[in-house]
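These notes concern the structure reproduced below.
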Amino acid sequence: MSRDKSNTSAVEVVSTSTRGVYSFYLAGQWLTSDQIVDVNSPFDQRVIGRISLAQSEHLEQAVSAAHRAFAITRKLAAFERQCALNNIAVELTARAEEFAQCISAEAGKPIRTARSEVERAAFCFQYAAEETTRLNGELLPLDAQAASVNRLGLLRRVPLGPVSAISPFNFPLNLVAHKIAPALAAGCSIVLKPATKTPLVALMLADVIARSGYPKEAVSILPMTAQTASPLIEDERFKLFTFTGSSSAGWALKARAGKKRVALELGGNAGCIIHSDADIDKAAARCAMGGFAYAGQSCISVQRIFVERSIFGAFLEKLTTAALKLRLGDPSDELTDVGPMIRLEDAERAEEWIAEAVAGGATIVCGGRRDGSLLEPTVLTGTSENQRVNCQELFAPVVTVEPYDSFDEVLGRVNRSPYGLQAGVFTNDMARVFRAYQELEVGAVVAGDVPTFRIDHMPYGGVKDSGTGREGIRYSIEEMTEPKLLVIS
C-alpha cells in the first residue's frame, strides 16, 4: 500500500537518513509513496539521491488532471505560453551550475559536457517561447469551382490534446526539455516519465516549471516502473505518445498505443564517411569527439567509420592519437573527457562485443580495457558487417574503422543497416555531398562533420528502425497540433 504526502518542495528529508528523498511532481503537488529507490552514481555507485516512485493511483490522478487541464491550456494566449517558457529558460540559466552538477552526478556525464546540456535545455525553452508567436495560419480561397464561389477557408493549428512522454537517461535534462517545451508552446498538457536511472534533474526541472506560470495541473513528472507506466502508452485520453529510447522498446510500445499519434526517437549505429579530399585532421578530431563523448552513449554517436583506402592508414593513426589523448575517469573532474557508462552491465556488454569482434579477426588499435563501468575509448579495425559492433547499436565508446575503394560502394555499406538516423560525410566535393544526400537512407546527412551533430531546433529523427516523426522545437509542435479549418460563406 502506498501513502501520499504533500510537500512544498522536491525534497523531503527523512528521519532515517541524512539523504533527502525526492518527491514526484503531480499536477502542482509534491507527493511521495512508500516505494523508495536509490539513485546511484555510475562512476562509483555511491547513493547520490533517493526517489519516491509514483504508483498506479498517482498516474491516474495525473492523467485525469492533464485531461482537465487541457480545457485551460488549449485556450491560453500565445503571450501567456511564451511568458511561461521564457520564465523556465531564465531560471534554468540562473541555476545552470546546480543543474549541471546534478547531471554529472546521476548520469556520469563529464561536468563540462553536463554544462553544455543545461545550456541546450535552456535554449529549447527559449526557442519554444519564440515559436509560440510563429504558429501561423492560412487564408485559403475556396472558389476553385463554381459551387464554392464566395467561400474562404481559415486554417489554423490547434493543440492536439494531452501528451504522454517517456525520456531516456543519456540526456536527462535536454531530452526532457524536448518533450515538455514544445508541449507547453503548443498549448498541451503533459505527463512525463523520466528514466529511473537519472530522474533527479527532471524533478529539479519540475520545480522550475511549477513557478513558470503555466497551469499547474497541466504538467506531471513521475518517476515510476515500466509496469506502472503502461497507461502512458495505452490510455486513450492521451492524444500523442512521445518516446526516446531503444528501437526494440520503442516499436513494442507503438504496437500498444492504439489510435493516438506516436513519435519515436530511437537508436542508430551511425556511419561516417571520410573521403580522400577531406581535411583528415579535422575529420579525425571530430570522429574522436563523436565516437567517445559521453562514453558513446548517444543514438547518433559515431560507430562505423569508412575511410577511402588511399588515406586509411593516415586517418587511423590520427584518430588513434586523438583517442589516446582523452582522459578517462571521474565525471566531476574538470579535466575528464570520458566518464563511466550508465551501468556496469552495459560496460560488460560492450567489452563482450569487442571480444567477439577480436575472436572474429578484428584488431584493437587502442583501448579495449574496462575498469568497472569505465571503458577505454576503443578503436577497432578488421571487423565484419555481421559482427555486433557493426550491425547493432553499441552505445559505448567504441568505433570501427574500415577502408573503402569507391564512393558508390561506401554509400551501400552505410545503408546496410537496420537503422537510419544520421550519417556524416567528409568531402570537399559538393557533387558527392548531394549524391550522399540522395542515396543515404537516413533522417539527416551531415556534410563536413560527424553524424553526432545536432542543434536543438533542427528537424531530428530517423527512418527504418530509428523511429518515426521529428523533434526539433517547431517540428515537435507540429506533431502536437493539428490543422483546423473554418469555411466562411
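Letters A, B, ... go to the chains of the C-alpha cells in the order shown; residues in each chain start at 1; ligands are counted from 1 in the same order.
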
Point to revise | Surrounding residues of range 380-386 of chain A excluding itself and chain neighbours under 4 positions, 9 Å, only C-alpha atoms, as a ChimeraX atom specification | key: /A:354,357-358,360-368,390-392,398-402,413,416

Can you write just those residues out, N, CA and C atoms, as a PDB file, in the first residue's frame?
```
ATOM      1  N   ILE A 354      33.342  -6.377 -28.041  1.00  0.00           N
ATOM      2  CA  ILE A 354      34.718  -6.171 -28.517  1.00  0.00           C
ATOM      3  C   ILE A 354      35.431  -7.519 -28.623  1.00  0.00           C
ATOM      4  N   ALA A 357      34.339  -9.432 -31.611  1.00  0.00           N
ATOM      5  CA  ALA A 357      34.928  -8.926 -32.852  1.00  0.00           C
ATOM      6  C   ALA A 357      36.369  -9.410 -33.012  1.00  0.00           C
ATOM      7  N   VAL A 358      37.129  -9.367 -31.926  1.00  0.00           N
ATOM      8  CA  VAL A 358      38.526  -9.813 -31.972  1.00  0.00           C
ATOM      9  C   VAL A 358      38.600 -11.305 -32.301  1.00  0.00           C
ATOM     10  N   GLY A 360      36.639 -12.837 -34.087  1.00  0.00           N
ATOM     11  CA  GLY A 360      36.286 -12.966 -35.498  1.00  0.00           C
ATOM     12  C   GLY A 360      37.295 -12.350 -36.442  1.00  0.00           C
ATOM     13  N   GLY A 361      38.453 -11.918 -35.920  1.00  0.00           N
ATOM     14  CA  GLY A 361      39.517 -11.407 -36.780  1.00  0.00           C
ATOM     15  C   GLY A 361      39.801  -9.932 -36.670  1.00  0.00           C
ATOM     16  N   ALA A 362      39.065  -9.204 -35.841  1.00  0.00           N
ATOM     17  CA  ALA A 362      39.294  -7.766 -35.699  1.00  0.00           C
ATOM     18  C   ALA A 362      40.537  -7.494 -34.859  1.00  0.00           C
ATOM     19  N   THR A 363      41.060  -6.284 -34.999  1.00  0.00           N
ATOM     20  CA  THR A 363      42.230  -5.831 -34.241  1.00  0.00           C
ATOM     21  C   THR A 363      41.844  -4.632 -33.389  1.00  0.00           C
ATOM     22  N   ILE A 364      42.257  -4.657 -32.112  1.00  0.00           N
ATOM     23  CA  ILE A 364      42.090  -3.487 -31.257  1.00  0.00           C
ATOM     24  C   ILE A 364      43.280  -2.561 -31.502  1.00  0.00           C
ATOM     25  N   VAL A 365      43.024  -1.416 -32.100  1.00  0.00           N
ATOM     26  CA  VAL A 365      44.095  -0.455 -32.381  1.00  0.00           C
ATOM     27  C   VAL A 365      44.464   0.292 -31.102  1.00  0.00           C
ATOM     28  N   CYS A 366      43.476   0.633 -30.303  1.00  0.00           N
ATOM     29  CA  CYS A 366      43.724   1.236 -28.995  1.00  0.00           C
ATOM     30  C   CYS A 366      42.517   0.996 -28.111  1.00  0.00           C
ATOM     31  N   GLY A 367      42.715   1.062 -26.809  1.00  0.00           N
ATOM     32  CA  GLY A 367      41.626   0.898 -25.856  1.00  0.00           C
ATOM     33  C   GLY A 367      41.293  -0.562 -25.617  1.00  0.00           C
ATOM     34  N   GLY A 368      40.020  -0.805 -25.325  1.00  0.00           N
ATOM     35  CA  GLY A 368      39.529  -2.154 -25.132  1.00  0.00           C
ATOM     36  C   GLY A 368      39.506  -2.627 -23.698  1.00  0.00           C
ATOM     37  N   ASN A 390      29.143  -3.736 -35.402  1.00  0.00           N
ATOM     38  CA  ASN A 390      28.729  -3.017 -36.606  1.00  0.00           C
ATOM     39  C   ASN A 390      27.229  -3.056 -36.858  1.00  0.00           C
ATOM     40  N   CYS A 391      26.602  -4.215 -36.688  1.00  0.00           N
ATOM     41  CA  CYS A 391      25.218  -4.361 -37.136  1.00  0.00           C
ATOM     42  C   CYS A 391      24.189  -4.018 -36.073  1.00  0.00           C
ATOM     43  N   GLN A 392      24.625  -3.829 -34.824  1.00  0.00           N
ATOM     44  CA  GLN A 392      23.719  -3.397 -33.768  1.00  0.00           C
ATOM     45  C   GLN A 392      24.182  -2.061 -33.194  1.00  0.00           C
ATOM     46  N   VAL A 398      33.195   3.024 -28.488  1.00  0.00           N
ATOM     47  CA  VAL A 398      33.852   2.090 -29.403  1.00  0.00           C
ATOM     48  C   VAL A 398      33.499   2.473 -30.823  1.00  0.00           C
ATOM     49  N   VAL A 399      34.502   2.560 -31.703  1.00  0.00           N
ATOM     50  CA  VAL A 399      34.268   2.797 -33.124  1.00  0.00           C
ATOM     51  C   VAL A 399      34.983   1.734 -33.941  1.00  0.00           C
ATOM     52  N   THR A 400      34.417   1.418 -35.090  1.00  0.00           N
ATOM     53  CA  THR A 400      35.097   0.552 -36.051  1.00  0.00           C
ATOM     54  C   THR A 400      35.531   1.413 -37.229  1.00  0.00           C
ATOM     55  N   VAL A 401      36.709   1.123 -37.778  1.00  0.00           N
ATOM     56  CA  VAL A 401      37.262   1.905 -38.890  1.00  0.00           C
ATOM     57  C   VAL A 401      37.659   0.937 -39.994  1.00  0.00           C
ATOM     58  N   GLU A 402      37.068   1.113 -41.176  1.00  0.00           N
ATOM     59  CA  GLU A 402      37.324   0.202 -42.289  1.00  0.00           C
ATOM     60  C   GLU A 402      37.532   0.989 -43.588  1.00  0.00           C
ATOM     61  N   ARG A 413      27.366   0.478 -48.204  1.00  0.00           N
ATOM     62  CA  ARG A 413      27.759  -0.102 -46.918  1.00  0.00           C
ATOM     63  C   ARG A 413      27.115   0.641 -45.755  1.00  0.00           C
ATOM     64  N   ARG A 416      23.569  -0.509 -45.424  1.00  0.00           N
ATOM     65  CA  ARG A 416      23.322  -1.882 -44.979  1.00  0.00           C
ATOM     66  C   ARG A 416      23.250  -1.917 -43.455  1.00  0.00           C
TER      67      ARG A 416
END
```

**Study point:** Long-range neighbours of range 467-483 of chain A as a PyMOL selection string, 6 Å cut-off, only C-alpha atoms, 4 positions minimum in chain
**Key:** chain A and resi 156-160+182+186+263-266+456-463

Could the residues of range 130-196 of chain A that have an atom at most 9 Å from range 115-125 of chain A be listed as CSV, each with its closest atom pair and the distance in Å to one decimal, counting only C-alpha atoms and ordered by chain and ascending residue number?
```
residue,atom,partner,partner_atom,distance
A:Glu130,CA,A:Phe125,CA,8.8
A:Phe171,CA,A:Glu117,CA,7.4
A:Pro172,CA,A:Glu117,CA,8.9
A:Leu173,CA,A:Ala121,CA,6.6
A:Asn174,CA,A:Ala121,CA,4.6
A:Leu175,CA,A:Ala121,CA,8.0
A:Val176,CA,A:Ala121,CA,8.4
A:Ala177,CA,A:Ala121,CA,5.8
A:His178,CA,A:Cys124,CA,6.9
A:Ile180,CA,A:Phe125,CA,8.6
A:Ala181,CA,A:Phe125,CA,5.4
A:Pro182,CA,A:Phe125,CA,8.1
A:Ala185,CA,A:Phe125,CA,8.8
```

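Coordinates place CA of Gly213 in chain A at a distance of 21.7 Å from CA of Lys193 in chain A.
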
Exercise for review: Extract, using only C-alpha atoms, all DNA, RNA and protein residues at most 10 Å from Asn170 in chain A, discarding same-chain residues fewer than 2 positions from it, and format them as a PyMOL selection string.
Suggested key: chain A and resi 103+107-109+167-168+172-175+195+197-198+245+294+296-299+341-342

At a cut-off of 8 Å, using only C-alpha atoms, what residues contact Thr320 in chain A? Leave out same-chain residues fewer than 2 positions from it and give the result as an mmCIF file with C-alpha atoms, in the first residue's frame.
```cif
data_model
loop_
_atom_site.group_PDB
_atom_site.id
_atom_site.type_symbol
_atom_site.label_atom_id
_atom_site.label_comp_id
_atom_site.auth_asym_id
_atom_site.auth_seq_id
_atom_site.Cartn_x
_atom_site.Cartn_y
_atom_site.Cartn_z
ATOM 1 C CA LEU A 316 43.663 5.663 -38.458
ATOM 2 C CA GLU A 317 46.898 6.984 -36.937
ATOM 3 C CA LYS A 318 45.393 10.436 -36.331
ATOM 4 C CA ALA A 322 43.238 11.671 -30.618
ATOM 5 C CA ALA A 323 41.646 8.758 -28.725
ATOM 6 C CA LEU A 324 44.743 8.170 -26.603
ATOM 7 C CA VAL A 365 44.095 -0.455 -32.381
ATOM 8 C CA CYS A 366 43.724 1.236 -28.995
ATOM 9 C CA VAL A 379 39.222 1.779 -31.981
#
```

Exercise for review: DSSP on the backbone, then: every residue of range 29-182 of chain A marked alpha helix (DSSP H), written as a PyMOL selection string.
Suggested key: chain A and resi 56-73+78-94+96-107+111-131+174-182

Practice item. Using DSSP on the backbone coordinates, identify all residues within range 187-407 of chain A classified as strand (DSSP E or B); present the result as a PyMOL selection string. Key: chain A and resi 190-193+219-221+240-244+261-265+271-274+304-308+328+338+363-366+370-371+374-375+378-381+398-404

Would you output that residue set with C-alpha atoms, as a compact mmCIF listing (two decimals), in the first residue's frame?
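See out.txt below for the written result:
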```
# COMPACT_ATOMS: atom_id res chain seq x y z
CA ILE A 190 1.79 16.58 -20.45
CA VAL A 191 2.63 13.65 -18.17
CA LEU A 192 6.27 12.57 -18.37
CA LYS A 193 8.16 9.56 -17.03
CA VAL A 219 2.35 19.13 -16.02
CA SER A 220 3.28 15.99 -14.09
CA ILE A 221 6.75 14.43 -13.86
CA LEU A 240 0.12 11.75 -28.55
CA PHE A 241 2.75 9.46 -27.07
CA THR A 242 6.39 10.53 -27.50
CA PHE A 243 9.26 8.20 -26.64
CA THR A 244 13.04 8.40 -26.86
CA ARG A 261 -0.23 9.61 -32.55
CA VAL A 262 3.19 8.21 -31.76
CA ALA A 263 6.58 9.94 -32.12
CA LEU A 264 9.62 7.69 -31.73
CA GLU A 265 13.24 8.82 -31.49
CA GLY A 271 28.06 5.76 -40.23
CA CYS A 272 30.67 8.38 -41.12
CA ILE A 273 32.44 8.57 -44.50
CA ILE A 274 35.93 10.10 -44.83
CA ARG A 304 31.04 2.92 -38.12
CA ILE A 305 33.79 4.92 -39.85
CA PHE A 306 34.54 4.31 -43.53
CA VAL A 307 37.78 5.77 -44.92
CA GLU A 308 38.90 5.87 -48.56
CA LEU A 328 39.02 8.71 -18.72
CA VAL A 338 35.15 10.36 -20.98
CA THR A 363 42.23 -5.83 -34.24
CA ILE A 364 42.09 -3.49 -31.26
CA VAL A 365 44.09 -0.46 -32.38
CA CYS A 366 43.72 1.24 -29.00
CA ARG A 370 37.47 -1.96 -18.77
CA ASP A 371 37.65 -0.88 -15.14
CA LEU A 374 34.73 2.78 -17.23
CA LEU A 375 35.59 1.55 -20.72
CA THR A 378 38.34 1.88 -28.29
CA VAL A 379 39.22 1.78 -31.98
CA LEU A 380 38.69 -1.47 -33.89
CA THR A 381 39.59 -2.41 -37.45
CA VAL A 398 33.85 2.09 -29.40
CA VAL A 399 34.27 2.80 -33.12
CA THR A 400 35.10 0.55 -36.05
CA VAL A 401 37.26 1.91 -38.89
CA GLU A 402 37.32 0.20 -42.29
CA PRO A 403 38.62 1.14 -45.77
CA TYR A 404 36.58 1.55 -48.96
```

Exercise for review: Write out as a PyMOL selection string the residues lying within 10 Å of Gly448 in chain A, counting only C-alpha atoms and excluding same-chain residues fewer than 2 positions away.
Suggested key: chain A and resi 273-274+278-279+282-283+286+424-428+433+445-446+450-451

Take the residues from that selection and write them out as a tab-separated table (two decimals), in the first residue's frame, keeping N, CA and C atoms.
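Saved as selection.tsv:
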```tsv
chain	number	residue	atom	x	y	z
A	273	ILE	N	31.59	8.79	-43.33
A	273	ILE	CA	32.44	8.57	-44.50
A	273	ILE	C	33.54	9.62	-44.53
A	274	ILE	N	34.80	9.18	-44.71
A	274	ILE	CA	35.93	10.10	-44.83
A	274	ILE	C	36.55	9.89	-46.22
A	278	ALA	N	39.10	15.19	-48.15
A	278	ALA	CA	38.69	15.88	-46.92
A	278	ALA	C	39.91	16.29	-46.09
A	279	ASP	N	39.67	17.17	-45.14
A	279	ASP	CA	40.68	17.55	-44.15
A	279	ASP	C	40.70	16.44	-43.09
A	282	LYS	N	40.87	17.39	-39.29
A	282	LYS	CA	39.57	17.77	-38.74
A	282	LYS	C	38.69	16.54	-38.59
A	283	ALA	N	38.68	15.68	-39.60
A	283	ALA	CA	37.82	14.50	-39.56
A	283	ALA	C	38.17	13.59	-38.39
A	286	ARG	N	37.08	15.23	-35.08
A	286	ARG	CA	35.63	15.20	-34.90
A	286	ARG	C	35.11	13.78	-34.67
A	424	GLY	N	27.40	11.02	-41.42
A	424	GLY	CA	28.34	12.11	-41.67
A	424	GLY	C	29.14	11.83	-42.93
A	425	VAL	N	29.47	12.89	-43.67
A	425	VAL	CA	30.26	12.76	-44.90
A	425	VAL	C	31.31	13.86	-44.93
A	426	PHE	N	32.59	13.46	-44.90
A	426	PHE	CA	33.69	14.42	-45.04
A	426	PHE	C	34.21	14.35	-46.47
A	427	THR	N	33.93	15.39	-47.25
A	427	THR	CA	34.44	15.53	-48.60
A	427	THR	C	34.33	16.99	-49.00
A	428	ASN	N	35.21	17.44	-49.87
A	428	ASN	CA	35.14	18.81	-50.38
A	428	ASN	C	34.42	18.90	-51.72
A	433	VAL	N	28.57	15.23	-51.94
A	433	VAL	CA	27.66	15.57	-50.84
A	433	VAL	C	26.21	15.34	-51.27
A	445	VAL	N	21.76	13.91	-43.37
A	445	VAL	CA	23.16	13.78	-43.78
A	445	VAL	C	23.88	15.04	-43.34
A	446	VAL	N	24.96	14.86	-42.59
A	446	VAL	CA	25.74	15.99	-42.09
A	446	VAL	C	27.02	16.06	-42.92
A	450	VAL	N	30.58	15.10	-38.25
A	450	VAL	CA	30.15	13.77	-37.83
A	450	VAL	C	28.63	13.72	-37.68
A	451	PRO	N	28.04	12.51	-37.71
A	451	PRO	CA	26.59	12.39	-37.54
A	451	PRO	C	26.13	12.75	-36.14
```

**Study point:** Residue contacts of Val47 in chain A (12 Å, only C-alpha atoms) excluding same-chain residues fewer than 3 positions away, as JSON, numbers by chain
**Key:** {"A": [17, 18, 19, 20, 21, 37, 38, 39, 40, 41, 42, 43, 44, 50, 51, 105, 106, 197]}

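Here CA of Ala285 in chain A is placed at a distance of 26.6 Å from CA of Gln438 in chain A.
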
Review point. Which value, in Å to one decimal, gives the distance between CA of Arg95 in chain A and CA of Ile209 in chain A?
Key: 13.2 Å

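Taking only C-alpha atoms, the non-local environment of Glu236 in chain A within 8 Å (same-chain residues fewer than 2 positions away omitted) comprises Glu234, Phe238, Lys239, Gly258, Lys259 and Lys260 of chain A.
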
Expected file: the selected residues, C-alpha atoms, as a PDB file, in the first residue's frame:
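File written: again10.pdb
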```
ATOM      1  CA  GLU A 234      -2.419   2.743 -23.689  1.00  0.00           C
ATOM      2  CA  PHE A 238      -3.654  10.889 -24.349  1.00  0.00           C
ATOM      3  CA  LYS A 239      -3.615  12.063 -27.952  1.00  0.00           C
ATOM      4  CA  GLY A 258      -3.915   2.360 -30.118  1.00  0.00           C
ATOM      5  CA  LYS A 259      -5.295   5.330 -32.053  1.00  0.00           C
ATOM      6  CA  LYS A 260      -3.071   8.042 -30.610  1.00  0.00           C
TER       7      LYS A 260
END
```

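Here the question is which of A:Gly268, A:Leu394, A:Ala77, A:Trp353 gets nearest to Asn415 in chain A using only C-alpha atoms, and that residue is A:Gly268.
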